[in-house]
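Below is the file entry_25.txt, which contains compact mmCIF, C-alpha atoms.
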# COMPACT_ATOMS: atom_id res chain seq x y z
CA MET A 1 18.57 89.81 79.34
CA ASN A 2 22.38 89.73 79.07
CA ILE A 3 22.46 86.28 80.67
CA ASN A 4 19.87 84.98 78.20
CA LEU A 5 21.84 86.47 75.33
CA LEU A 6 25.03 84.78 76.53
CA GLN A 7 23.20 81.46 76.97
CA THR A 8 21.83 81.67 73.43
CA LEU A 9 25.23 82.64 72.06
CA TYR A 10 26.87 79.71 73.86
CA LYS A 11 24.19 77.26 72.73
CA ASN A 12 24.53 78.29 69.07
CA ASN A 13 28.34 78.23 69.16
CA LYS A 14 29.00 75.54 71.74
CA VAL A 15 31.54 73.66 69.61
CA HIS A 16 33.52 76.87 68.99
CA PHE A 17 33.63 77.73 72.71
CA ILE A 18 34.80 74.25 73.63
CA ALA A 19 37.44 74.16 70.87
CA TRP A 20 38.90 77.56 71.78
CA SER A 21 38.84 76.71 75.48
CA LEU A 22 40.79 73.50 74.90
CA TYR A 23 43.27 75.27 72.63
CA ILE A 24 43.86 78.13 75.11
CA ILE A 25 44.22 75.70 78.03
CA TYR A 26 46.75 73.71 76.03
CA GLU A 27 48.76 76.70 74.90
CA VAL A 28 48.68 78.60 78.21
CA PHE A 29 48.88 75.91 80.86
CA ILE A 30 50.45 72.88 79.20
CA THR A 31 53.07 74.93 77.33
CA GLY A 32 53.59 77.12 80.41
CA PHE A 33 54.19 74.16 82.67
CA ILE A 34 56.57 72.58 80.18
CA SER A 35 58.58 75.78 79.65
CA LYS A 36 58.00 76.91 83.24
CA GLN A 37 57.19 80.38 81.93
CA PHE A 38 53.83 82.17 82.09
CA ALA A 39 53.01 85.55 80.59
CA GLN A 40 50.87 88.24 82.20
CA PRO A 41 47.07 87.75 82.00
CA GLY A 42 46.71 90.97 80.01
CA SER A 43 49.22 89.70 77.47
CA TYR A 44 47.26 86.49 77.02
CA LEU A 45 44.04 88.52 76.63
CA MET A 46 45.55 90.70 73.91
CA VAL A 47 47.04 87.76 72.01
CA TYR A 48 43.85 85.69 71.92
CA ILE A 49 41.66 88.66 71.00
CA LEU A 50 43.88 89.09 67.94
CA ASN A 51 44.19 85.37 67.14
CA ILE A 52 40.49 84.59 67.42
CA SER A 53 39.60 87.73 65.46
CA ILE A 54 41.98 86.95 62.59
CA PHE A 55 40.67 83.35 62.51
CA TYR A 56 37.06 84.42 61.82
CA ILE A 57 37.99 87.42 59.66
CA HIS A 58 40.06 85.21 57.37
CA ALA A 59 37.31 82.55 57.31
CA LYS A 60 34.79 85.10 56.06
CA ASN A 61 37.17 86.66 53.52
CA PHE A 62 38.38 83.28 52.25
CA ARG A 63 34.81 81.97 51.74
CA ASN A 64 34.01 85.06 49.70
CA ALA A 65 37.16 84.56 47.62
CA LEU A 66 36.20 80.95 46.87
CA ASN A 67 33.04 82.18 45.16
CA THR A 68 35.14 83.92 42.49
CA GLN A 69 34.70 82.14 39.15
CA SER A 70 38.09 82.79 37.54
CA LYS A 71 40.94 80.71 39.01
CA THR A 72 43.49 83.47 38.38
CA ALA A 73 41.27 86.09 39.99
CA LYS A 74 40.60 83.74 42.91
CA PHE A 75 44.33 83.14 43.48
CA LEU A 76 45.20 86.87 43.32
CA LYS A 77 42.31 87.69 45.64
CA VAL A 78 43.48 85.16 48.25
CA ILE A 79 47.08 86.50 48.09
CA PHE A 80 45.81 90.05 48.50
CA ILE A 81 43.58 89.05 51.45
CA ILE A 82 46.48 87.32 53.24
CA PHE A 83 48.75 90.33 52.70
CA ILE A 84 46.13 92.75 54.08
CA GLU A 85 45.47 90.45 57.06
CA ILE A 86 49.19 90.22 57.89
CA VAL A 87 49.53 94.01 57.78
CA GLY A 88 46.31 94.50 59.76
CA TYR A 89 47.29 91.92 62.37
CA THR A 90 50.76 93.43 62.83
CA LEU A 91 49.49 96.98 63.18
CA SER A 92 46.65 95.88 65.49
CA ALA A 93 49.12 93.93 67.68
CA PHE A 94 51.41 96.95 67.90
CA CYS A 95 48.53 99.29 68.81
CA LEU A 96 47.05 96.90 71.40
CA ARG A 97 50.49 96.31 72.88
CA TYR A 98 50.96 100.05 73.29
CA ILE A 99 47.43 100.50 74.76
CA PHE A 100 47.76 97.57 77.19
CA ASP A 101 51.15 98.85 78.31
CA PHE A 102 49.77 102.35 78.75
CA LEU A 103 46.80 101.05 80.81
CA HIS A 104 49.14 98.79 82.83
CA LEU A 105 47.20 95.71 81.75
CA ALA A 106 50.46 94.20 80.57
CA THR A 107 54.12 95.23 80.75
CA TYR A 108 56.47 95.00 77.76
CA LYS A 109 60.17 95.71 77.62
CA ASN A 110 59.69 97.74 74.45
CA THR A 111 56.84 98.83 72.22
CA VAL A 112 58.88 99.35 69.09
CA LEU A 113 57.77 98.07 65.66
CA ASP A 114 61.06 96.26 65.02
CA GLN A 115 61.99 93.29 62.83
CA GLU A 116 61.65 90.74 65.62
CA PHE A 117 58.15 91.94 66.46
CA ILE A 118 57.06 91.91 62.80
CA LEU A 119 58.40 88.37 62.18
CA LEU A 120 56.66 87.13 65.33
CA CYS A 121 53.37 88.65 64.14
CA VAL A 122 53.77 87.23 60.62
CA TRP A 123 54.42 83.73 61.99
CA ARG A 124 51.45 83.97 64.35
CA VAL A 125 49.01 85.32 61.77
CA LEU A 126 50.02 82.71 59.18
CA GLN A 127 49.45 79.99 61.78
CA PHE A 128 45.87 81.09 62.40
CA ILE A 129 45.23 81.78 58.71
CA GLY A 130 46.17 78.12 58.16
CA PHE A 131 43.78 76.98 60.90
CA SER A 132 41.04 79.19 59.45
CA THR A 133 41.58 77.90 55.89
CA GLY A 134 41.24 74.29 57.08
CA TYR A 135 38.10 75.24 59.01
CA VAL A 136 36.56 76.77 55.85
CA TYR A 137 37.28 73.67 53.78
CA ILE A 138 35.79 71.42 56.47
CA LEU A 139 32.65 73.56 56.57
CA LYS A 140 32.42 73.56 52.78
CA SER A 141 32.81 69.79 52.73
CA PHE A 142 29.91 69.37 55.16
CA GLU A 143 27.78 71.83 53.20
CA ASP A 144 28.50 70.07 49.90
CA ARG A 145 27.65 66.72 51.47
CA LYS A 146 24.35 68.10 52.76
CA LYS A 147 23.55 69.49 49.31
CA VAL A 148 24.31 66.14 47.68
CA GLU A 149 22.18 64.28 50.26
CA ALA A 150 19.35 66.78 49.75
CA LEU A 151 19.54 66.34 45.97
CA GLU A 152 19.61 62.55 46.33
CA ARG A 153 16.58 62.65 48.63
CA GLN A 154 14.77 64.96 46.24
CA SER A 155 15.69 62.74 43.30
CA LEU A 156 14.44 59.66 45.17
CA VAL A 157 11.18 61.39 46.12
CA THR A 158 10.75 62.54 42.50
CA GLN A 159 11.35 59.01 41.20
CA ILE A 160 8.87 57.54 43.70
CA GLU A 161 6.26 60.15 42.78
CA LYS A 162 6.91 59.61 39.07
CA GLN A 163 6.60 55.83 39.44
CA ALA A 164 3.39 56.24 41.45
CA LEU A 165 1.95 58.52 38.77
CA GLU A 166 2.96 56.11 36.03
CA ASN A 167 1.38 53.20 37.89
CA ASP A 168 -1.81 55.20 38.43
CA LEU A 169 -1.82 56.17 34.76
CA VAL A 170 -1.26 52.60 33.60
CA GLN A 171 -3.98 51.34 35.96
CA SER A 172 -6.39 53.99 34.67
CA GLN A 173 -5.53 53.19 31.07
CA ASN A 174 -5.92 49.49 31.75
CA ASN A 175 -9.34 50.03 33.31
CA PHE A 176 -10.29 52.37 30.48
CA LEU A 177 -9.22 49.85 27.84
CA ARG A 178 -11.23 47.11 29.58
CA SER A 179 -14.32 49.25 29.44
CA GLN A 180 -13.62 50.07 25.80
CA ILE A 181 -13.94 46.64 24.21
CA ASN A 182 -16.32 48.65 22.14
CA PRO A 183 -19.70 48.66 23.92
CA HIS A 184 -21.27 49.86 20.65
CA PHE A 185 -19.91 46.79 18.90
CA LEU A 186 -21.16 44.50 21.69
CA PHE A 187 -24.66 45.93 21.44
CA ASN A 188 -24.66 45.49 17.64
CA THR A 189 -23.44 41.92 18.04
CA LEU A 190 -26.05 41.09 20.66
CA ASN A 191 -28.69 42.58 18.41
CA PHE A 192 -27.44 40.41 15.54
CA ILE A 193 -27.48 37.31 17.78
CA TYR A 194 -31.05 38.05 18.82
CA ASN A 195 -32.30 38.48 15.24
CA ASP A 196 -30.29 35.62 13.78
CA ALA A 197 -31.06 33.12 16.54
CA ARG A 198 -34.60 32.85 15.24
CA LYS A 199 -33.38 31.83 11.77
CA LYS A 200 -29.95 30.21 12.15
CA ALA A 201 -29.40 28.67 15.51
CA PRO A 202 -25.87 27.31 14.74
CA MET A 203 -24.51 30.74 13.85
CA ALA A 204 -26.15 32.27 16.89
CA ALA A 205 -24.63 29.59 19.09
CA ASP A 206 -21.18 30.25 17.59
CA ALA A 207 -21.53 33.99 18.14
CA ILE A 208 -22.69 33.51 21.71
CA MET A 209 -19.72 31.26 22.43
CA ASN A 210 -17.18 33.77 21.07
CA LEU A 211 -18.78 36.66 22.89
CA ALA A 212 -18.99 34.72 26.15
CA GLU A 213 -15.28 33.83 25.92
CA MET A 214 -14.33 37.45 25.40
CA MET A 215 -16.48 38.64 28.29
CA ARG A 216 -15.09 35.91 30.53
CA TYR A 217 -11.53 36.96 29.67
CA ALA A 218 -12.31 40.63 30.30
CA LEU A 219 -13.67 39.78 33.76
CA LYS A 220 -10.34 38.25 34.83
CA ARG A 221 -9.01 41.80 35.41
CA PRO A 222 -5.25 41.22 35.83
CA GLU A 223 -3.35 44.00 37.63
CA ALA A 224 -1.78 46.75 35.49
CA SER A 225 1.69 45.49 36.45
CA GLU A 226 0.95 41.87 35.44
CA MET A 227 1.61 40.15 32.16
CA VAL A 228 -0.77 37.54 30.78
CA PRO A 229 -0.20 34.41 28.68
CA LEU A 230 0.24 35.52 25.06
CA SER A 231 -1.70 32.48 23.86
CA GLU A 232 -4.78 33.77 25.73
CA GLU A 233 -4.47 37.16 24.02
CA VAL A 234 -4.30 35.40 20.66
CA GLU A 235 -7.46 33.43 21.53
CA GLN A 236 -9.27 36.72 22.23
CA ILE A 237 -8.17 38.03 18.84
CA GLU A 238 -9.58 34.91 17.20
CA HIS A 239 -12.88 35.37 19.05
CA LEU A 240 -13.00 39.01 17.99
CA ILE A 241 -12.32 38.14 14.35
CA ASN A 242 -14.96 35.39 14.43
CA LEU A 243 -17.56 37.78 15.84
CA HIS A 244 -16.85 40.32 13.09
CA GLN A 245 -16.97 37.58 10.47
CA LEU A 246 -20.37 36.46 11.75
CA ARG A 247 -21.67 40.01 11.97
CA THR A 248 -20.62 40.84 8.40
CA ALA A 249 -21.52 37.49 6.81
CA ASN A 250 -17.88 36.52 6.22
CA THR A 251 -17.04 39.58 4.11
CA ILE A 252 -13.93 40.42 6.16
CA ASN A 253 -10.59 39.80 4.43
CA LEU A 254 -8.25 39.42 7.41
CA LYS A 255 -5.46 36.97 8.14
CA LEU A 256 -3.93 36.00 11.49
CA GLU A 257 -0.48 34.45 11.10
CA VAL A 258 1.31 32.95 14.12
CA THR A 259 4.89 31.66 13.82
CA GLY A 260 6.71 29.91 16.67
CA ASP A 261 5.59 28.25 19.88
CA LEU A 262 3.79 30.78 22.08
CA PHE A 263 3.25 28.38 24.96
CA GLY A 264 4.65 29.85 28.16
CA LEU A 265 5.16 33.34 26.74
CA ARG A 266 3.72 36.28 28.66
CA PHE A 267 2.84 39.72 27.30
CA PRO A 268 1.15 42.92 28.57
CA PRO A 269 -2.65 42.59 28.37
CA LEU A 270 -4.93 44.35 25.87
CA ILE A 271 -2.17 45.55 23.53
CA LEU A 272 -3.04 42.98 20.85
CA LEU A 273 -6.75 43.60 21.29
CA THR A 274 -6.21 47.34 20.89
CA LEU A 275 -4.27 46.80 17.65
CA VAL A 276 -7.01 44.60 16.23
CA GLU A 277 -9.74 46.99 17.36
CA ASN A 278 -7.90 49.77 15.52
CA ILE A 279 -7.88 47.67 12.35
CA PHE A 280 -11.65 47.22 12.50
CA LYS A 281 -12.28 50.86 13.44
CA HIS A 282 -9.95 52.60 11.01
CA GLY A 283 -8.97 50.06 8.36
CA ASN A 284 -10.54 48.71 5.23
CA VAL A 285 -10.97 45.03 6.10
CA THR A 286 -13.10 44.16 3.06
CA HIS A 287 -10.53 44.91 0.33
CA SER A 288 -10.58 42.04 -2.16
CA THR A 289 -6.86 41.97 -3.02
CA GLN A 290 -5.21 43.58 0.03
CA PRO A 291 -6.16 41.64 3.16
CA ALA A 292 -5.56 43.01 6.63
CA ILE A 293 -2.79 40.97 8.25
CA ILE A 294 -1.89 40.32 11.88
CA LYS A 295 1.52 38.65 12.28
CA ILE A 296 2.88 37.23 15.52
CA GLU A 297 6.39 35.78 15.27
CA TYR A 298 8.48 34.31 18.07
CA GLU A 299 12.05 33.20 17.47
CA ASN A 300 15.30 33.25 19.49
CA ASP A 301 13.77 34.96 22.53
CA ASN A 302 12.41 37.76 20.37
CA LEU A 303 8.75 38.55 19.80
CA ASN A 304 7.64 40.51 16.75
CA ILE A 305 4.05 41.66 16.31
CA SER A 306 2.98 43.53 13.21
CA THR A 307 -0.31 44.59 11.65
CA ILE A 308 -0.98 45.72 8.08
CA ASN A 309 -4.27 47.10 6.81
CA MET A 310 -5.52 49.35 4.06
CA VAL A 311 -6.58 52.76 5.36
CA ASN A 312 -10.35 53.24 5.26
CA ASP A 313 -10.93 56.20 2.92
CA VAL A 314 -14.64 55.58 2.43
CA LYS A 315 -16.48 58.85 3.04
CA GLY A 316 -18.63 58.74 6.11
CA LYS A 317 -16.64 55.84 7.57
CA GLU A 318 -13.95 57.91 9.25
CA HIS A 319 -13.29 57.22 12.89
CA GLU A 320 -11.34 59.07 15.51
CA SER A 321 -7.58 58.97 15.09
CA HIS A 322 -5.51 55.87 15.84
CA HIS A 323 -3.36 57.89 18.17
CA VAL A 324 -5.31 57.48 21.40
CA GLY A 325 -4.93 53.71 21.22
CA ILE A 326 -1.41 53.98 19.80
CA ASP A 327 -0.27 56.30 22.59
CA ASN A 328 -1.71 53.93 25.20
CA ILE A 329 0.16 51.01 23.62
CA ASN A 330 3.42 52.96 23.60
CA LYS A 331 3.06 53.91 27.29
CA ARG A 332 2.22 50.35 28.32
CA LEU A 333 5.22 48.94 26.42
CA ALA A 334 7.50 51.55 28.02
CA ASN A 335 6.13 50.65 31.47
CA PHE A 336 6.85 46.94 31.01
CA TYR A 337 9.99 46.97 28.85
CA LYS A 338 11.53 50.38 29.69
CA GLU A 339 13.90 51.08 26.76
CA GLU A 340 14.14 47.48 25.56
CA TYR A 341 11.41 47.62 22.94
CA ILE A 342 10.74 48.94 19.44
CA PHE A 343 7.34 50.29 18.44
CA ARG A 344 6.81 51.77 14.99
CA TYR A 345 3.65 52.89 13.20
CA TYR A 346 3.38 54.55 9.80
CA LYS A 347 1.46 54.72 6.51
CA ASP A 348 3.29 53.40 3.44
CA PRO A 349 2.99 54.58 -0.21
CA LEU A 350 0.34 51.90 -0.88
CA ASN A 351 -2.00 53.63 1.62
CA ARG A 352 -1.50 50.85 4.16
CA TYR A 353 -1.26 51.53 7.88
CA ILE A 354 1.49 49.43 9.48
CA THR A 355 2.39 48.86 13.13
CA GLU A 356 5.42 46.91 14.37
CA ILE A 357 6.30 45.81 17.90
CA ASP A 358 9.61 44.15 18.68
CA VAL A 359 10.36 43.07 22.29
CA PRO A 360 12.69 40.59 24.02
CA VAL A 361 10.67 37.72 25.49
CA VAL A 362 12.18 34.80 27.35
CA ASN A 363 10.17 31.58 27.26
CA PRO A 364 10.55 30.03 30.74
CA MET A 365 9.30 26.68 29.46
CA ALA A 366 12.06 26.53 26.83
CA ARG A 367 14.68 27.37 29.47
CA LEU A 368 13.25 24.68 31.73
CA ASN A 369 13.53 22.09 28.96
CA LEU A 370 17.16 23.10 28.34
CA ASN A 371 17.99 22.68 32.02
CA LEU A 372 16.38 19.29 32.06
Serialized structure, structure tokens:
Amino acid sequence: MNINLLQTLYKNNKVHFIAWSLYIIYEVFITGFISKQFAQPGSYLMVYILNISIFYIHAKNFRNALNTQSKTAKFLKVIFIIFIEIVGYTLSAFCLRYIFDFLHLATYKNTVLDQEFILLCVWRVLQFIGFSTGYVYILKSFEDRKKVEALERQSLVTQIEKQALENDLVQSQNNFLRSQINPHFLFNTLNFIYNDARKKAPMAADAIMNLAEMMRYALKRPEASEMVPLSEEVEQIEHLINLHQLRTANTINLKLEVTGDLFGLRFPPLILLTLVENIFKHGNVTHSTQPAIIKIEYENDNLNISTINMVNDVKGKEHESHHVGIDNINKRLANFYKEEYIFRYYKDPLNRYITEIDVPVVNPMARLNLNL
């Protein structure tokens, strides 16, 4: 049992045993051979019991003192600890010297607490207090480094988990938005096409073409992390407007204004479609003097998208709040552009609902032409 205990103790403190062994060998044998003087074994035993004890006692006391918040209190505490340790070491050395001499474990010329003895003890204890202080700072440095590494690992894991959650959320929202190109509207449109095809074949053909283009585009299913050509998104808006115009016998008062060359520009999918869907769901698109407006402006590597529509206050025509679609748009813009985008939405004094998107967009085709 004792052997196992010693083995465990050595295994857990192997570095300490090796360090003390090397130090004692150096101080006893190397110094002894150089000076050609060796002390009695009992004297060495007494000295190193005291030295090793004061080393670990000071290490424990000094670590506790470092935890003191006030700098003044910390300084005074350290001074007090050193003073007590010097006194304790000196008295302990004197007592052990007397005991070892009495037990004939070591022989001393005198066992008097004189000035020479006190100065020798003070020098010796300050030496090992210095070693112990350096040891504490080294330990603290390793501990602080481990804490920093642990925090960095935790931060990295948190960022990875957050990014994974955001990607899953964006993918889910993307899939949800794809399935929400208003099935109710599609069924109404198909019903209109069926009834109108028997009377006006050209209109039915036009409606079928627009609907087919929209369905074909929806089936492309780009990944949530991919951007799509902005010109294709604009085409889908045109198809959507045409379908609504056909379904309502051209009673919709809505304008689509595009400024700048959109060729080569890429933009997150379904954001424009969601904005236009919101206009049809929640806006008054039949106002005679206040048309709904969709503006897309590209100039100097900056893309501005805005929508303006009168709020639908007709009783019985209320729809669910804009905010589900608006929140999805905001999250998708943040995922693609981080903090480099502006997204505003508000109702003005004229009872118009306004949305504005402003993002930096670099046209690779324009850069290619400049390089050429």
Selected residue of minimal separation from A:Leu50 among A:Ile326, A:Val125, A:Leu272, A:Leu22, counting only C-alpha atoms
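The closest residue to A:Leu50 is A:Val125.
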Got a sec to check which residues sit within 12 Å of (-6.0, 45.6, -0.8), counting only C-alpha atoms, and write them as a ChimeraX atom specification?
/A:252-254,283-293,308-312,350-353
Which residue out of A:Val228, A:Leu270, A:Val148, A:Leu240 has the minimum interatomic distance to A:Asn210 when only C-alpha atoms are used?
A:Leu240
For A:Phe55, work out the shell of residues within 8 Å, counting only C-alpha atoms and skipping chain neighbours fewer than 5 positions away, then give it as a list of chain:residue names.
A:Phe128, A:Ile129, A:Phe131, A:Ser132
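You can rank A:Leu273, A:Val258, A:Leu76, A:Ala249 by their closest distance to A:Glu233 using all atoms listed in the file, and at the top of that list sits A:Leu273.
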Quick check, in Å to one decimal: how far apart do atom CA of A:Ile54 and atom CA of A:Phe33 lie?
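Separation between atom CA of A:Ile54 and atom CA of A:Phe33: 26.8 Å.
In this structure, atom CA of A:Gln40 sits 24.6 Å away from atom CA of A:His16.
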Polymer residues at most 12 Å from stretch 92-101 of chain A, only C-alpha atoms, same-chain spacing of 6 or more positions, as a ChimeraX atom specification
/A:40-51,53-54,84-86,107-114,117-118,120-122,124-125
For the residues selected in the previous step, produce a file with C-alpha atoms as a compact mmCIF listing (two decimals), in the frame of the given file.
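Heads up, here's the output in out-v3.txt:
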# COMPACT_ATOMS: atom_id res chain seq x y z
CA GLN A 40 50.87 88.24 82.20
CA PRO A 41 47.07 87.75 82.00
CA GLY A 42 46.71 90.97 80.01
CA SER A 43 49.22 89.70 77.47
CA TYR A 44 47.26 86.49 77.02
CA LEU A 45 44.04 88.52 76.63
CA MET A 46 45.55 90.70 73.91
CA VAL A 47 47.04 87.76 72.01
CA TYR A 48 43.85 85.69 71.92
CA ILE A 49 41.66 88.66 71.00
CA LEU A 50 43.88 89.09 67.94
CA ASN A 51 44.19 85.37 67.14
CA SER A 53 39.60 87.73 65.46
CA ILE A 54 41.98 86.95 62.59
CA ILE A 84 46.13 92.75 54.08
CA GLU A 85 45.47 90.45 57.06
CA ILE A 86 49.19 90.22 57.89
CA THR A 107 54.12 95.23 80.75
CA TYR A 108 56.47 95.00 77.76
CA LYS A 109 60.17 95.71 77.62
CA ASN A 110 59.69 97.74 74.45
CA THR A 111 56.84 98.83 72.22
CA VAL A 112 58.88 99.35 69.09
CA LEU A 113 57.77 98.07 65.66
CA ASP A 114 61.06 96.26 65.02
CA PHE A 117 58.15 91.94 66.46
CA ILE A 118 57.06 91.91 62.80
CA LEU A 120 56.66 87.13 65.33
CA CYS A 121 53.37 88.65 64.14
CA VAL A 122 53.77 87.23 60.62
CA ARG A 124 51.45 83.97 64.35
CA VAL A 125 49.01 85.32 61.77
Atom CA of A:Gly260 to atom CA of A:Glu297: how many Å, to one decimal?
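Answer for the atom CA of A:Gly260 to atom CA of A:Glu297 separation: 6.0 Å.
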Contacts of A:Leu246 at 7 Å (only C-alpha atoms; same-chain gap of 4+ positions) as a PyMOL selection string
chain A and resi 207+242+250
With distances taken over all atoms listed in the file, which residue among A:Arg63, A:Lys14, A:Asn278, A:Phe263 lies nearest A:Val78?
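Result for the nearest residue to A:Val78: A:Arg63.
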Nearest candidate to A:Leu303 (options A:Phe192, A:Phe83, A:Tyr56, A:Phe267; using all atoms listed in the file)
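Closest candidate: A:Phe267.
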With the cut-off set at 12 Å and counting all atoms listed in the file, tabulate each residue of stretch 292-358 of chain A with an atom at most that distance from an atom of stretch 159-169 of chain A, showing the nearest atom pair and its distance in Å to one decimal, ordered by chain and increasing number, as a Markdown table.
| residue | atom | partner | partner_atom | distance |
| --- | --- | --- | --- | --- |
| A:Asn328 | CA | A:Leu169 | CA | 9.8 |
| A:Lys331 | CA | A:Glu166 | CA | 9.0 |
| A:Arg332 | CA | A:Leu169 | CA | 9.6 |
| A:Ala334 | CA | A:Glu166 | CA | 10.3 |
| A:Asn335 | CA | A:Glu166 | CA | 7.8 |
| A:Phe336 | CA | A:Asn167 | CA | 10.8 |
